[in-house]
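Take a look at the structure set out below.
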Amino acid sequence: MEKNSTVFVAGHRGLVGSSIIRKLREKGYNNLICQTRQELDLLNQAAVNRFFAENRIDFVFLAAAKVGGILANATHQTEFLYQNITIATNVIQACADHNVKKLLNLGSSCIYPKLAPQPIQEESLLTGPLEPTNEGYAIAKIAALKLCEMHNRYHGRCFISAMPTNLYGPGDNFHPELSHVIPGMMRRFHQAKTKNLSEVTVWGSGKPLREFLHVDDLADALILLMETYNNPSHINVGTGKDCSIAELAETMKSVVGFTGRITFDTSKPDGTPRKLLDITKILKLGWSPKHSLQSGLDQTYRWAVENNQF
Ligand code: GDP
C-alpha cells in the first residue's frame with residue numbers, strides 16, 4: 001500500500017472504520033475515499049458496482065456492518081443476517097470485478113462455535129454449533145470470510161479476513177439497550193453517578209468471560225495486515241486476556257467514579273460462556289495491543305463525556 005494509493009474504507013463512520021481512517025491519516029495515507037450511507041447504499045448491488053466502476057480503487061477495508069450488542073443481535077437476527085451478508089457479497093464481488101489490489105474483510109469472534117476450546121484458534125471455525133443469540137450475524141460473517149478465502153485460494157485475489165474480539169473505544173454506540181457491554185455499562189454507571197443512585201444493574205449473571213480490545217489497537221493490526229499479510233486463512237486479533245463481566249463492572253465502577261452497589265439482572269441473556277481468542281498468529285507478525293483495559297476504558301470514558309454520548 002503506497003501513501004498515495006486509493007483506499008476505500010467502507011463503514012468510515014463506525015467504531016472500526018473511523019479508527020482506521022484516523023490511523024491511516026496519521027501514517028500519511030493521503031488518498032482515502034469515504035462514502036456516507038446517503039452517498040452509497042452498500043445494500044444496493046447496482047450502486048456498489050457503479051461506485052467501483054467510477055472510482056479506481058486500489059485497497060479496500062470492509063468495516064461496514066450492521067452491529068449491536070447481545071439484545072440487538074438476539075431480537076433482530078433476520079436483519080443482522082440479511083444486511084451483513086448483502087453488504088459483504090456486494091463489496092467483495094465488486095472488488096473482484098473491478099480488480100481491487102487488496103481487500104481486508106472484518107469479521108468477529110462470534111463466528112466460532114459456542115463451546116470452542118479456549119483460547120480459540122482460527123482452526124476452530126465450523127467445528128460445532130454457534131451461540132444462538134448471534135447466529136444471524138455469525139453466519140453472515142462466516143459467509144463473507146469464506147468468499148474472501150475462496151477468491152484468494154482459487155482466483156489468486158489478495159482478499160484477507162481479520163477476526164477481532166469484542167471491541168470498544170471512541171466512536172462506539174452508547175445506546176442504552178442496543179449497544180455492546182462496555183458502552184451500555186458505561187452509560188448506566190455514568191447515569192447512576194450523575195443521578196446519585198444507590199445501585200447499578202448489570203445484565204446477566206456476571207459470570208461470562210469476555211476479551212476486550214481497544215479499537216485503535218485493532219486499527220494498527222489491520223493496517224499491518226493490509227501491508228504484510230496475504231494468507232487466505234482468516235486471522236484472529238485480540239489481547240489474549242479475558243475477564244468476567246462482574247470484573248468488568250468493578251473496573252467500570254472505578255473508571256466512572258460510581259460509589260454504589262452492583263446488582264445482576266439474570267433475566268437478561270449471558271450469551272456464550274467464554275470467547276477468548278488465540279492470538280499466536282498475529283503476535284508472530286510483530287503486532288501487540290498497546291492499551292490495558294483500565295487505560296482504554298479511562299480514555300473512552302473521557303471521550304464519551306467530552307462528546308456528549310450519555
Ligand atoms: P456478546 O459478546 O456477543 O455477548 O456481546 P455483548 O457485548 O452485548 O455482551 C457481553 C456480555 O455482557 C453478555 O453476557 C451480557 O449479558 C453482558 N452485559 C452486562 N451488562 C450489559 C449491558 O449493559 N449491555 C450489553 N450489551 N451486555 C451487557
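Ligands are numbered from 1 in the order shown, residues from 1 within each chain, and chains are lettered A, B, ... in the order they appear in the C-alpha cells.
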Protein and nucleic acid residues within 9 Å of ligand 1 (only C-alpha atoms and all ligand atoms) as a PyMOL selection string: chain A and resi 68-73+109-110+131+133-134+165-167+176-188+201-211+244-246+248-249+264-266+268-275
Contacts of Thr228 (chain A) within 10 Å, only C-alpha atoms, excl. fewer than 6 positions in-chain, as an NGL selection string: :A and (1 or 222 or 285)
Go ahead and write the residues just picked, N, CA and C atoms, as a PDB file, in the first residue's frame.
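Writing done, so here's selection.pdb:
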```pdb
ATOM      1  N   MET A   1       0.863  -1.188   0.000  1.00  0.00           N
ATOM      2  CA  MET A   1       0.000   0.000   0.000  1.00  0.00           C
ATOM      3  C   MET A   1       0.903   1.243   0.000  1.00  0.00           C
ATOM      4  N   LEU A 222      -4.892  -3.956  11.670  1.00  0.00           N
ATOM      5  CA  LEU A 222      -5.485  -4.048  10.328  1.00  0.00           C
ATOM      6  C   LEU A 222      -4.568  -3.430   9.279  1.00  0.00           C
ATOM      7  N   LEU A 285       3.438 -11.770  13.717  1.00  0.00           N
ATOM      8  CA  LEU A 285       3.627 -10.744  12.674  1.00  0.00           C
ATOM      9  C   LEU A 285       4.230  -9.457  13.245  1.00  0.00           C
TER      10      LEU A 285
END
```
Minimum-distance residue to Glu247 (chain A), chosen among A:Ala47, A:Ala144, A:Ile223, A:Gln294 (using only C-alpha atoms):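 The closest residue to Glu247 (chain A) is A:Gln294.
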Which of A:Lys281, A:Thr75, A:Ser198, A:Arg50 sits closest to Ile235 (chain A) [using only C-alpha atoms]: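 Of the candidates, the smallest distance to Ile235 (chain A) is held by A:Lys281.
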Point-to-point distance from CA of Leu277 (chain A) to CA of Gly14 (chain A), Å rounded to tenths: 22.8 Å
Polymer residues at most 7 Å from Asn105 (chain A), only C-alpha atoms, same-chain spacing of 3 or more positions, as a list in words: Phe61, Leu62, Ala63, Ile160, Ser161 and Ala162 of chain A
Long-range neighbours of region 297-299 of chain A as a ChimeraX atom specification, 10 Å cut-off, only C-alpha atoms, 6 positions minimum in chain: /A:168-170,182-183,186,214,251-252,254-256,291
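If only C-alpha atoms are the atoms counted, then among A:Ile111, A:Cys148, A:Leu104, A:Leu276 the closest residue to Tyr229 (chain A) is A:Leu104.
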Surrounding residues of Tyr29 (chain A) excluding itself and chain neighbours under 5 positions, 10 Å, only C-alpha atoms, as an MDAnalysis selection string: chainID A and resid 1:7 21 23:24
DSSP helix (DSSP H, G or I) residues within region 110-217 of chain A, as an MDAnalysis selection string: chainID A and resid 110:111 122:124 132:155 181:194 215:217
DSSP strand (DSSP E or B) residues within region 17-152 of chain A, as a list in words: Leu32, Ile33, Phe59, Val60, Phe61, Leu62, Lys102, Leu103, Leu104, Asn105, Leu106 and Ile120 of chain A
Expected file: the selected residues, N, CA, C and O atoms, as a compact mmCIF listing (two decimals), in the first residue's frame:
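The resulting file, out37.txt, is reproduced below:
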```
# COMPACT_ATOMS: atom_id res chain seq x y z
N LEU A 32 -7.69 8.82 0.64
CA LEU A 32 -8.72 7.98 1.25
C LEU A 32 -10.09 8.35 0.67
O LEU A 32 -10.41 9.52 0.53
N ILE A 33 -10.87 7.31 0.37
CA ILE A 33 -12.23 7.55 -0.14
C ILE A 33 -13.24 7.05 0.90
O ILE A 33 -13.11 5.92 1.39
N PHE A 59 -7.23 -0.29 -2.71
CA PHE A 59 -7.30 -1.05 -1.45
C PHE A 59 -8.64 -0.79 -0.77
O PHE A 59 -9.12 0.34 -0.77
N VAL A 60 -9.20 -1.84 -0.17
CA VAL A 60 -10.50 -1.70 0.50
C VAL A 60 -10.44 -2.30 1.90
O VAL A 60 -9.99 -3.45 2.07
N PHE A 61 -10.86 -1.52 2.88
CA PHE A 61 -11.13 -2.05 4.23
C PHE A 61 -12.64 -2.20 4.32
O PHE A 61 -13.37 -1.20 4.24
N LEU A 62 -13.13 -3.42 4.51
CA LEU A 62 -14.57 -3.65 4.61
C LEU A 62 -14.97 -3.68 6.09
O LEU A 62 -14.95 -4.72 6.74
N LYS A 102 -6.15 -5.20 -3.11
CA LYS A 102 -6.23 -5.94 -1.85
C LYS A 102 -7.46 -5.52 -1.06
O LYS A 102 -7.79 -4.34 -1.01
N LEU A 103 -8.10 -6.51 -0.46
CA LEU A 103 -9.29 -6.28 0.36
C LEU A 103 -9.07 -6.88 1.74
O LEU A 103 -8.64 -8.04 1.85
N LEU A 104 -9.37 -6.11 2.77
CA LEU A 104 -9.35 -6.64 4.13
C LEU A 104 -10.78 -6.65 4.65
O LEU A 104 -11.39 -5.59 4.82
N ASN A 105 -11.29 -7.83 4.90
CA ASN A 105 -12.67 -8.03 5.35
C ASN A 105 -12.67 -8.21 6.87
O ASN A 105 -11.91 -9.00 7.41
N LEU A 106 -13.58 -7.49 7.54
CA LEU A 106 -13.67 -7.56 9.01
C LEU A 106 -14.73 -8.56 9.44
O LEU A 106 -15.88 -8.45 8.99
N ILE A 120 -9.43 -19.62 21.53
CA ILE A 120 -9.99 -20.14 20.28
C ILE A 120 -9.00 -19.94 19.12
O ILE A 120 -8.62 -18.82 18.79
```
Atom pair CA of Asn230 (chain A) / CA of Glu149 (chain A): separation (Å):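 We find that CA of Asn230 (chain A) and CA of Glu149 (chain A) lie 10.4 Å from each other.
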